[in-house]
>>> print(open('model37.cif').read())   # mmCIF, N, CA and C atoms and all ligand atoms
data_upload
loop_
_atom_site.label_atom_id
_atom_site.label_comp_id
_atom_site.auth_asym_id
_atom_site.auth_seq_id
_atom_site.Cartn_x
_atom_site.Cartn_y
_atom_site.Cartn_z
N MET A 283 45.38 -5.02 -43.67
CA MET A 283 46.09 -3.79 -43.35
C MET A 283 45.24 -2.57 -43.65
N PHE A 284 45.32 -1.60 -42.80
CA PHE A 284 44.58 -0.37 -43.06
C PHE A 284 45.39 0.81 -42.55
N MET A 285 45.17 1.91 -43.16
CA MET A 285 45.89 3.11 -42.77
C MET A 285 45.02 3.95 -41.85
N THR A 286 45.56 4.30 -40.75
CA THR A 286 44.81 5.15 -39.84
C THR A 286 45.23 6.60 -39.99
N LYS A 287 46.50 6.80 -40.01
CA LYS A 287 46.99 8.18 -40.06
C LYS A 287 47.98 8.35 -41.19
N ILE A 288 47.99 9.53 -41.71
CA ILE A 288 48.92 9.82 -42.79
C ILE A 288 50.35 9.95 -42.29
N THR A 289 50.50 9.89 -40.98
CA THR A 289 51.84 9.99 -40.42
C THR A 289 52.62 8.68 -40.61
N GLU A 290 51.91 7.66 -41.08
CA GLU A 290 52.59 6.40 -41.36
C GLU A 290 53.39 6.52 -42.64
N THR A 291 54.69 6.50 -42.50
CA THR A 291 55.51 6.64 -43.70
C THR A 291 56.40 5.43 -43.91
N LYS A 292 56.20 4.40 -43.09
CA LYS A 292 57.13 3.28 -43.16
C LYS A 292 57.04 2.52 -44.47
N ASN A 293 55.91 2.63 -45.10
CA ASN A 293 55.76 1.93 -46.37
C ASN A 293 56.38 2.69 -47.53
N LYS A 294 56.80 3.89 -47.26
CA LYS A 294 57.43 4.71 -48.29
C LYS A 294 56.57 4.81 -49.54
N LYS A 295 55.30 5.01 -49.30
CA LYS A 295 54.41 5.20 -50.43
C LYS A 295 54.71 6.53 -51.09
N GLU A 296 54.37 6.55 -52.34
CA GLU A 296 54.59 7.80 -53.06
C GLU A 296 53.39 8.69 -52.85
N ILE A 297 53.39 9.35 -51.73
CA ILE A 297 52.25 10.16 -51.34
C ILE A 297 52.54 11.63 -51.57
N TYR A 298 51.58 12.25 -52.16
CA TYR A 298 51.62 13.71 -52.31
C TYR A 298 50.42 14.28 -51.58
N PHE A 299 50.56 15.48 -51.13
CA PHE A 299 49.44 16.17 -50.54
C PHE A 299 49.04 17.31 -51.45
N LYS A 300 47.81 17.28 -51.85
CA LYS A 300 47.35 18.23 -52.84
C LYS A 300 46.44 19.26 -52.20
N CYS A 301 46.70 20.51 -52.51
CA CYS A 301 45.86 21.59 -52.03
C CYS A 301 44.67 21.73 -52.97
N LYS A 302 43.48 21.67 -52.40
CA LYS A 302 42.29 21.75 -53.24
C LYS A 302 42.04 23.17 -53.72
N LYS A 303 42.68 24.12 -53.08
CA LYS A 303 42.44 25.50 -53.47
C LYS A 303 43.25 25.91 -54.69
N CYS A 304 44.54 25.59 -54.66
CA CYS A 304 45.39 26.04 -55.76
C CYS A 304 45.88 24.88 -56.62
N GLY A 305 45.67 23.65 -56.15
CA GLY A 305 46.04 22.50 -56.96
C GLY A 305 47.50 22.09 -56.84
N ASP A 306 48.22 22.76 -55.97
CA ASP A 306 49.61 22.40 -55.77
C ASP A 306 49.74 21.03 -55.10
N GLU A 307 50.77 20.30 -55.51
CA GLU A 307 51.02 19.01 -54.89
C GLU A 307 52.39 19.02 -54.26
N ILE A 308 52.45 18.56 -53.02
CA ILE A 308 53.71 18.56 -52.28
C ILE A 308 54.04 17.13 -51.88
N TYR A 309 55.22 16.70 -52.19
CA TYR A 309 55.66 15.37 -51.83
C TYR A 309 55.82 15.25 -50.32
N TRP A 310 55.48 14.07 -49.77
CA TRP A 310 55.43 13.94 -48.31
C TRP A 310 56.78 14.15 -47.65
N ASN A 311 57.85 13.76 -48.31
CA ASN A 311 59.16 13.89 -47.67
C ASN A 311 59.79 15.21 -48.08
N THR A 312 59.72 16.16 -47.18
CA THR A 312 60.27 17.48 -47.47
C THR A 312 61.61 17.68 -46.78
N ASN A 313 62.14 16.60 -46.21
CA ASN A 313 63.41 16.69 -45.48
C ASN A 313 63.36 17.72 -44.35
N LYS A 314 62.27 17.61 -43.59
CA LYS A 314 62.08 18.44 -42.39
C LYS A 314 61.99 19.92 -42.70
N GLN A 315 61.59 20.23 -43.89
CA GLN A 315 61.34 21.62 -44.23
C GLN A 315 59.84 21.82 -44.39
N MET A 316 59.37 22.92 -43.86
CA MET A 316 57.97 23.25 -44.05
C MET A 316 57.78 23.86 -45.41
N ILE A 317 57.05 23.14 -46.24
CA ILE A 317 56.82 23.62 -47.60
C ILE A 317 55.35 23.95 -47.76
N HIS A 318 55.09 25.14 -48.24
CA HIS A 318 53.71 25.57 -48.43
C HIS A 318 53.34 25.54 -49.90
N CYS A 319 52.07 25.37 -50.13
CA CYS A 319 51.59 25.45 -51.50
C CYS A 319 51.52 26.92 -51.91
N LYS A 320 51.14 27.12 -53.15
CA LYS A 320 51.13 28.48 -53.70
C LYS A 320 50.27 29.44 -52.88
N CYS A 321 49.07 28.96 -52.50
CA CYS A 321 48.14 29.86 -51.83
C CYS A 321 48.34 29.87 -50.32
N GLY A 322 49.14 28.93 -49.82
CA GLY A 322 49.46 28.94 -48.40
C GLY A 322 48.47 28.21 -47.51
N ALA A 323 47.46 27.60 -48.11
CA ALA A 323 46.45 26.89 -47.32
C ALA A 323 46.96 25.56 -46.79
N LEU A 324 48.00 25.05 -47.43
CA LEU A 324 48.53 23.74 -47.05
C LEU A 324 50.03 23.84 -46.82
N GLY A 325 50.45 23.24 -45.71
CA GLY A 325 51.87 23.16 -45.43
C GLY A 325 52.25 21.74 -45.10
N VAL A 326 53.36 21.28 -45.63
CA VAL A 326 53.82 19.91 -45.39
C VAL A 326 55.22 19.96 -44.81
N ASP A 327 55.39 19.20 -43.73
CA ASP A 327 56.69 19.09 -43.09
C ASP A 327 56.92 17.62 -42.82
N GLY A 328 57.75 17.00 -43.63
CA GLY A 328 57.90 15.56 -43.50
C GLY A 328 59.33 15.09 -43.59
N CYS A 329 59.57 13.93 -43.00
CA CYS A 329 60.86 13.27 -43.12
C CYS A 329 60.60 11.77 -43.01
N GLU A 330 61.64 11.02 -42.86
CA GLU A 330 61.51 9.58 -42.79
C GLU A 330 60.61 9.12 -41.62
N ASP A 331 60.60 9.90 -40.55
CA ASP A 331 59.92 9.45 -39.34
C ASP A 331 58.50 9.96 -39.19
N TYR A 332 58.22 11.09 -39.77
CA TYR A 332 56.90 11.68 -39.54
C TYR A 332 56.52 12.58 -40.70
N VAL A 333 55.24 12.86 -40.76
CA VAL A 333 54.76 13.88 -41.69
C VAL A 333 53.78 14.76 -40.94
N ARG A 334 54.03 16.03 -40.98
CA ARG A 334 53.12 16.98 -40.35
C ARG A 334 52.43 17.80 -41.41
N LEU A 335 51.15 18.00 -41.20
CA LEU A 335 50.39 18.80 -42.16
C LEU A 335 49.84 20.02 -41.47
N LEU A 336 49.96 21.13 -42.15
CA LEU A 336 49.40 22.37 -41.65
C LEU A 336 48.24 22.79 -42.53
N GLY A 337 47.24 23.31 -41.90
CA GLY A 337 46.11 23.79 -42.68
C GLY A 337 44.86 22.97 -42.42
N ASP A 338 43.77 23.45 -42.96
CA ASP A 338 42.49 22.80 -42.76
C ASP A 338 42.44 21.50 -43.56
N GLU A 339 41.97 20.44 -42.89
CA GLU A 339 41.94 19.14 -43.54
C GLU A 339 41.07 19.13 -44.78
N LYS A 340 40.03 19.92 -44.78
CA LYS A 340 39.12 19.88 -45.92
C LYS A 340 39.71 20.60 -47.14
N ASN A 341 40.82 21.25 -46.93
CA ASN A 341 41.44 21.95 -48.04
C ASN A 341 42.50 21.13 -48.77
N HIS A 342 42.81 19.98 -48.22
CA HIS A 342 43.80 19.18 -48.91
C HIS A 342 43.38 17.72 -49.00
N GLU A 343 43.99 17.03 -49.91
CA GLU A 343 43.71 15.61 -50.06
C GLU A 343 45.02 14.86 -50.32
N GLU A 344 44.95 13.58 -50.02
CA GLU A 344 46.13 12.74 -50.18
C GLU A 344 46.11 12.14 -51.58
N VAL A 345 47.23 12.26 -52.24
CA VAL A 345 47.33 11.72 -53.59
C VAL A 345 48.46 10.71 -53.62
N MET A 346 48.17 9.55 -54.17
CA MET A 346 49.21 8.54 -54.26
C MET A 346 49.53 8.28 -55.72
N ARG A 347 50.77 8.43 -56.04
CA ARG A 347 51.16 8.21 -57.42
C ARG A 347 52.63 7.90 -57.50
N GLU A 348 52.99 7.40 -58.66
CA GLU A 348 54.40 7.09 -58.88
C GLU A 348 55.18 8.38 -58.96
N ARG A 349 56.29 8.36 -58.28
CA ARG A 349 57.13 9.54 -58.38
C ARG A 349 57.93 9.48 -59.67
N LYS A 350 57.91 10.58 -60.35
CA LYS A 350 58.58 10.59 -61.64
C LYS A 350 60.08 10.82 -61.45
N THR A 351 60.79 9.73 -61.42
CA THR A 351 62.23 9.83 -61.29
C THR A 351 62.91 9.72 -62.65
N GLU A 352 62.19 9.10 -63.57
CA GLU A 352 62.75 8.98 -64.91
C GLU A 352 61.75 9.52 -65.91
N ASN A 353 62.24 9.84 -67.05
CA ASN A 353 61.36 10.33 -68.09
C ASN A 353 60.66 9.18 -68.81
N ASN A 354 61.33 8.08 -68.89
CA ASN A 354 60.76 6.95 -69.60
C ASN A 354 60.11 5.96 -68.64
N LEU A 355 58.89 6.25 -68.31
CA LEU A 355 58.17 5.35 -67.42
C LEU A 355 57.23 4.46 -68.20
N THR A 356 57.08 4.74 -69.48
CA THR A 356 56.17 3.95 -70.28
C THR A 356 56.85 2.66 -70.72
N LYS A 357 56.35 1.59 -70.19
CA LYS A 357 56.89 0.29 -70.56
C LYS A 357 55.74 -0.61 -71.00
N SER A 358 55.99 -1.37 -72.01
CA SER A 358 54.97 -2.33 -72.41
C SER A 358 55.19 -3.62 -71.65
N ILE A 359 54.15 -4.04 -70.97
CA ILE A 359 54.26 -5.26 -70.16
C ILE A 359 53.68 -6.43 -70.94
ZN ZN A 401 47.11 26.00 -52.01
#
>>> encode(input="model37.cif", output="structure tokens", more="lines below")
Ligand SMILES: [Zn+2]
Amino acid sequence: MFMTKITETKNKKEIYFKCKKCGDEIYWNTNKQMIHCKCGALGVDGCEDYVRLLGDEKNHEEVMRERKTENNLTKSI
């Protein structure tokens, strides 16, 4: 398996888009709202079906991480 486009959201990965200019991170699912980072260089508009990115590609990067839904994520395995 390989990822070609970031528009693939079927895997429901915990993807954030990070602006390299201001360091803001925006979660991929914005519920069809265009959300901009602090400096405005990056805009994310995403929902279950698609993710649209606004701005120069070199100004943002894809970040994958666990979404913090709980405070206690530290578990000893
Ligand atoms: Zn920014």
>>> atom_distance(input="model37.cif", atom1="atom CA of A:Cys301", atom2="atom CA of A:Cys319")
6.9 Å
>>> residues_around(input="model37.cif", residues="A:Gln315", least_positions_apart="6", cutoff="12 Å", atoms="only C-alpha atoms", output="list in words")
Ile308, Tyr309, Gly325, Val326, Asp327, Gly328, Cys329, Tyr332, Val333, Arg334 and Leu335 of chain A
>>> write_last_selection(input="model37.cif", atoms="N, CA and C atoms", output="mmCIF file, keeping the file's coordinate frame")
data_model
loop_
_atom_site.group_PDB
_atom_site.id
_atom_site.type_symbol
_atom_site.label_atom_id
_atom_site.label_comp_id
_atom_site.auth_asym_id
_atom_site.auth_seq_id
_atom_site.Cartn_x
_atom_site.Cartn_y
_atom_site.Cartn_z
ATOM 1 N N ILE A 308 52.450 18.560 -53.020
ATOM 2 C CA ILE A 308 53.710 18.560 -52.280
ATOM 3 C C ILE A 308 54.040 17.130 -51.880
ATOM 4 N N TYR A 309 55.220 16.700 -52.190
ATOM 5 C CA TYR A 309 55.660 15.370 -51.830
ATOM 6 C C TYR A 309 55.820 15.250 -50.320
ATOM 7 N N GLY A 325 50.450 23.240 -45.710
ATOM 8 C CA GLY A 325 51.870 23.160 -45.430
ATOM 9 C C GLY A 325 52.250 21.740 -45.100
ATOM 10 N N VAL A 326 53.360 21.280 -45.630
ATOM 11 C CA VAL A 326 53.820 19.910 -45.390
ATOM 12 C C VAL A 326 55.220 19.960 -44.810
ATOM 13 N N ASP A 327 55.390 19.200 -43.730
ATOM 14 C CA ASP A 327 56.690 19.090 -43.090
ATOM 15 C C ASP A 327 56.920 17.620 -42.820
ATOM 16 N N GLY A 328 57.750 17.000 -43.630
ATOM 17 C CA GLY A 328 57.900 15.560 -43.500
ATOM 18 C C GLY A 328 59.330 15.090 -43.590
ATOM 19 N N CYS A 329 59.570 13.930 -43.000
ATOM 20 C CA CYS A 329 60.860 13.270 -43.120
ATOM 21 C C CYS A 329 60.600 11.770 -43.010
ATOM 22 N N TYR A 332 58.220 11.090 -39.770
ATOM 23 C CA TYR A 332 56.900 11.680 -39.540
ATOM 24 C C TYR A 332 56.520 12.580 -40.700
ATOM 25 N N VAL A 333 55.240 12.860 -40.760
ATOM 26 C CA VAL A 333 54.760 13.880 -41.690
ATOM 27 C C VAL A 333 53.780 14.760 -40.940
ATOM 28 N N ARG A 334 54.030 16.030 -40.980
ATOM 29 C CA ARG A 334 53.120 16.980 -40.350
ATOM 30 C C ARG A 334 52.430 17.800 -41.410
ATOM 31 N N LEU A 335 51.150 18.000 -41.200
ATOM 32 C CA LEU A 335 50.390 18.800 -42.160
ATOM 33 C C LEU A 335 49.840 20.020 -41.470
#
>>> residues_near_ligand(input="model37.cif", ligand="ligand ZN 401 (chain A)", cutoff="5 Å", atoms="all atoms listed in the file", output="JSON, numbers by chain")
{"A": [301, 303, 304, 305, 319, 320, 321, 322, 323, 324]}
>>> write_last_selection(input="model37.cif", atoms="N, CA and C atoms", output="tab-separated table (two decimals), in the frame of the given file")
chain	number	residue	atom	x	y	z
A	301	CYS	N	46.70	20.51	-52.51
A	301	CYS	CA	45.86	21.59	-52.03
A	301	CYS	C	44.67	21.73	-52.97
A	303	LYS	N	42.68	24.12	-53.08
A	303	LYS	CA	42.44	25.50	-53.47
A	303	LYS	C	43.25	25.91	-54.69
A	304	CYS	N	44.54	25.59	-54.66
A	304	CYS	CA	45.39	26.04	-55.76
A	304	CYS	C	45.88	24.88	-56.62
A	305	GLY	N	45.67	23.65	-56.15
A	305	GLY	CA	46.04	22.50	-56.96
A	305	GLY	C	47.50	22.09	-56.84
A	319	CYS	N	52.07	25.37	-50.13
A	319	CYS	CA	51.59	25.45	-51.50
A	319	CYS	C	51.52	26.92	-51.91
A	320	LYS	N	51.14	27.12	-53.15
A	320	LYS	CA	51.13	28.48	-53.70
A	320	LYS	C	50.27	29.44	-52.88
A	321	CYS	N	49.07	28.96	-52.50
A	321	CYS	CA	48.14	29.86	-51.83
A	321	CYS	C	48.34	29.87	-50.32
A	322	GLY	N	49.14	28.93	-49.82
A	322	GLY	CA	49.46	28.94	-48.40
A	322	GLY	C	48.47	28.21	-47.51
A	323	ALA	N	47.46	27.60	-48.11
A	323	ALA	CA	46.45	26.89	-47.32
A	323	ALA	C	46.96	25.56	-46.79
A	324	LEU	N	48.00	25.05	-47.43
A	324	LEU	CA	48.53	23.74	-47.05
A	324	LEU	C	50.03	23.84	-46.82
>>> atom_distance(input="model37.cif", atom1="atom CA of A:Tyr298", atom2="atom CA of A:Arg347")
7.5 Å
>>> closest_residue(input="model37.cif", among="A:Val345, A:Lys340, A:Asp306, A:Asp331", to="A:His318", atoms="only C-alpha atoms")
A:Asp306
>>> atom_distance(input="model37.cif", atom1="atom CA of A:Lys302", atom2="atom CA of A:Glu330")
25.0 Å
>>> select_by_dssp(input="model37.cif", residues="stretch 295-342 of chain A", states="strand (DSSP E)", output="ChimeraX atom specification")
/A:297-301,307-309,316-318,325-328,333-336,342
>>> decode(input="model37.cif", residues="stretch 318-352 of chain A", atoms="N, CA and C atoms", output="mmCIF file, in the first residue's frame")
data_model
loop_
_atom_site.group_PDB
_atom_site.id
_atom_site.type_symbol
_atom_site.label_atom_id
_atom_site.label_comp_id
_atom_site.auth_asym_id
_atom_site.auth_seq_id
_atom_site.Cartn_x
_atom_site.Cartn_y
_atom_site.Cartn_z
ATOM 1 N N HIS A 318 -7.655 28.428 8.641
ATOM 2 C CA HIS A 318 -6.325 28.923 8.323
ATOM 3 C C HIS A 318 -5.440 28.894 9.559
ATOM 4 N N CYS A 319 -4.166 28.779 9.298
ATOM 5 C CA CYS A 319 -3.219 28.866 10.399
ATOM 6 C C CYS A 319 -3.060 30.335 10.791
ATOM 7 N N LYS A 320 -2.255 30.534 11.812
ATOM 8 C CA LYS A 320 -2.094 31.889 12.352
ATOM 9 C C LYS A 320 -1.635 32.891 11.303
ATOM 10 N N CYS A 321 -0.645 32.473 10.502
ATOM 11 C CA CYS A 321 -0.056 33.420 9.557
ATOM 12 C C CYS A 321 -0.805 33.435 8.227
ATOM 13 N N GLY A 322 -1.694 32.470 8.025
ATOM 14 C CA GLY A 322 -2.515 32.484 6.825
ATOM 15 C C GLY A 322 -1.888 31.808 5.615
ATOM 16 N N ALA A 323 -0.711 31.234 5.788
ATOM 17 C CA ALA A 323 -0.032 30.587 4.662
ATOM 18 C C ALA A 323 -0.655 29.236 4.326
ATOM 19 N N LEU A 324 -1.363 28.675 5.283
ATOM 20 C CA LEU A 324 -1.947 27.346 5.086
ATOM 21 C C LEU A 324 -3.431 27.382 5.427
ATOM 22 N N GLY A 325 -4.209 26.773 4.540
ATOM 23 C CA GLY A 325 -5.628 26.636 4.795
ATOM 24 C C GLY A 325 -6.048 25.197 4.593
ATOM 25 N N VAL A 326 -6.866 24.680 5.480
ATOM 26 C CA VAL A 326 -7.326 23.302 5.381
ATOM 27 C C VAL A 326 -8.848 23.289 5.360
ATOM 28 N N ASP A 327 -9.366 22.539 4.395
ATOM 29 C CA ASP A 327 -10.812 22.376 4.278
ATOM 30 C C ASP A 327 -11.066 20.903 4.064
ATOM 31 N N GLY A 328 -11.522 20.228 5.107
ATOM 32 C CA GLY A 328 -11.646 18.787 5.004
ATOM 33 C C GLY A 328 -12.929 18.252 5.604
ATOM 34 N N CYS A 329 -13.320 17.095 5.112
ATOM 35 C CA CYS A 329 -14.447 16.370 5.679
ATOM 36 C C CYS A 329 -14.198 14.891 5.434
ATOM 37 N N GLU A 330 -15.185 14.093 5.656
ATOM 38 C CA GLU A 330 -15.034 12.657 5.501
ATOM 39 C C GLU A 330 -14.617 12.259 4.081
ATOM 40 N N ASP A 331 -15.023 13.043 3.100
ATOM 41 C CA ASP A 331 -14.828 12.646 1.711
ATOM 42 C C ASP A 331 -13.584 13.222 1.065
ATOM 43 N N TYR A 332 -13.146 14.356 1.532
ATOM 44 C CA TYR A 332 -12.025 15.007 0.852
ATOM 45 C C TYR A 332 -11.287 15.910 1.812
ATOM 46 N N VAL A 333 -10.079 16.246 1.407
ATOM 47 C CA VAL A 333 -9.329 17.272 2.126
ATOM 48 C C VAL A 333 -8.730 18.207 1.091
ATOM 49 N N ARG A 334 -8.999 19.463 1.254
ATOM 50 C CA ARG A 334 -8.425 20.460 0.356
ATOM 51 C C ARG A 334 -7.419 21.295 1.109
ATOM 52 N N LEU A 335 -6.315 21.554 0.455
ATOM 53 C CA LEU A 335 -5.285 22.377 1.089
ATOM 54 C C LEU A 335 -5.072 23.636 0.282
ATOM 55 N N LEU A 336 -4.980 24.725 0.991
ATOM 56 C CA LEU A 336 -4.693 25.998 0.348
ATOM 57 C C LEU A 336 -3.304 26.462 0.757
ATOM 58 N N GLY A 337 -2.627 27.033 -0.183
ATOM 59 C CA GLY A 337 -1.308 27.559 0.134
ATOM 60 C C GLY A 337 -0.212 26.793 -0.583
ATOM 61 N N ASP A 338 0.979 27.320 -0.472
ATOM 62 C CA ASP A 338 2.119 26.730 -1.137
ATOM 63 C C ASP A 338 2.512 25.423 -0.456
ATOM 64 N N GLU A 339 2.743 24.399 -1.276
ATOM 65 C CA GLU A 339 3.054 23.090 -0.716
ATOM 66 C C GLU A 339 4.320 23.102 0.116
ATOM 67 N N LYS A 340 5.261 23.944 -0.251
ATOM 68 C CA LYS A 340 6.527 23.933 0.481
ATOM 69 C C LYS A 340 6.400 24.607 1.846
ATOM 70 N N ASN A 341 5.265 25.204 2.080
ATOM 71 C CA ASN A 341 5.075 25.871 3.362
ATOM 72 C C ASN A 341 4.384 24.995 4.400
ATOM 73 N N HIS A 342 3.943 23.836 3.972
ATOM 74 C CA HIS A 342 3.305 22.981 4.958
ATOM 75 C C HIS A 342 3.787 21.542 4.850
ATOM 76 N N GLU A 343 3.577 20.814 5.904
ATOM 77 C CA GLU A 343 3.942 19.408 5.899
ATOM 78 C C GLU A 343 2.851 18.601 6.598
ATOM 79 N N GLU A 344 2.857 17.320 6.263
ATOM 80 C CA GLU A 344 1.856 16.433 6.818
ATOM 81 C C GLU A 344 2.403 15.813 8.098
ATOM 82 N N VAL A 345 1.602 15.876 9.128
ATOM 83 C CA VAL A 345 2.028 15.317 10.400
ATOM 84 C C VAL A 345 1.029 14.255 10.815
ATOM 85 N N MET A 346 1.547 13.110 11.193
ATOM 86 C CA MET A 346 0.653 12.049 11.625
ATOM 87 C C MET A 346 0.897 11.757 13.095
ATOM 88 N N ARG A 347 -0.141 11.851 13.848
ATOM 89 C CA ARG A 347 0.018 11.591 15.275
ATOM 90 C C ARG A 347 -1.314 11.217 15.876
ATOM 91 N N GLU A 348 -1.203 10.687 17.080
ATOM 92 C CA GLU A 348 -2.412 10.308 17.788
ATOM 93 C C GLU A 348 -3.163 11.563 18.189
ATOM 94 N N ARG A 349 -4.442 11.507 17.956
ATOM 95 C CA ARG A 349 -5.232 12.641 18.388
ATOM 96 C C ARG A 349 -5.495 12.526 19.881
ATOM 97 N N LYS A 350 -5.271 13.627 20.540
ATOM 98 C CA LYS A 350 -5.422 13.589 21.989
ATOM 99 C C LYS A 350 -6.890 13.750 22.370
ATOM 100 N N THR A 351 -7.518 12.626 22.570
ATOM 101 C CA THR A 351 -8.908 12.668 22.976
ATOM 102 C C THR A 351 -9.035 12.509 24.484
ATOM 103 N N GLU A 352 -8.008 11.912 25.066
ATOM 104 C CA GLU A 352 -8.027 11.754 26.512
ATOM 105 C C GLU A 352 -6.755 12.329 27.092
#
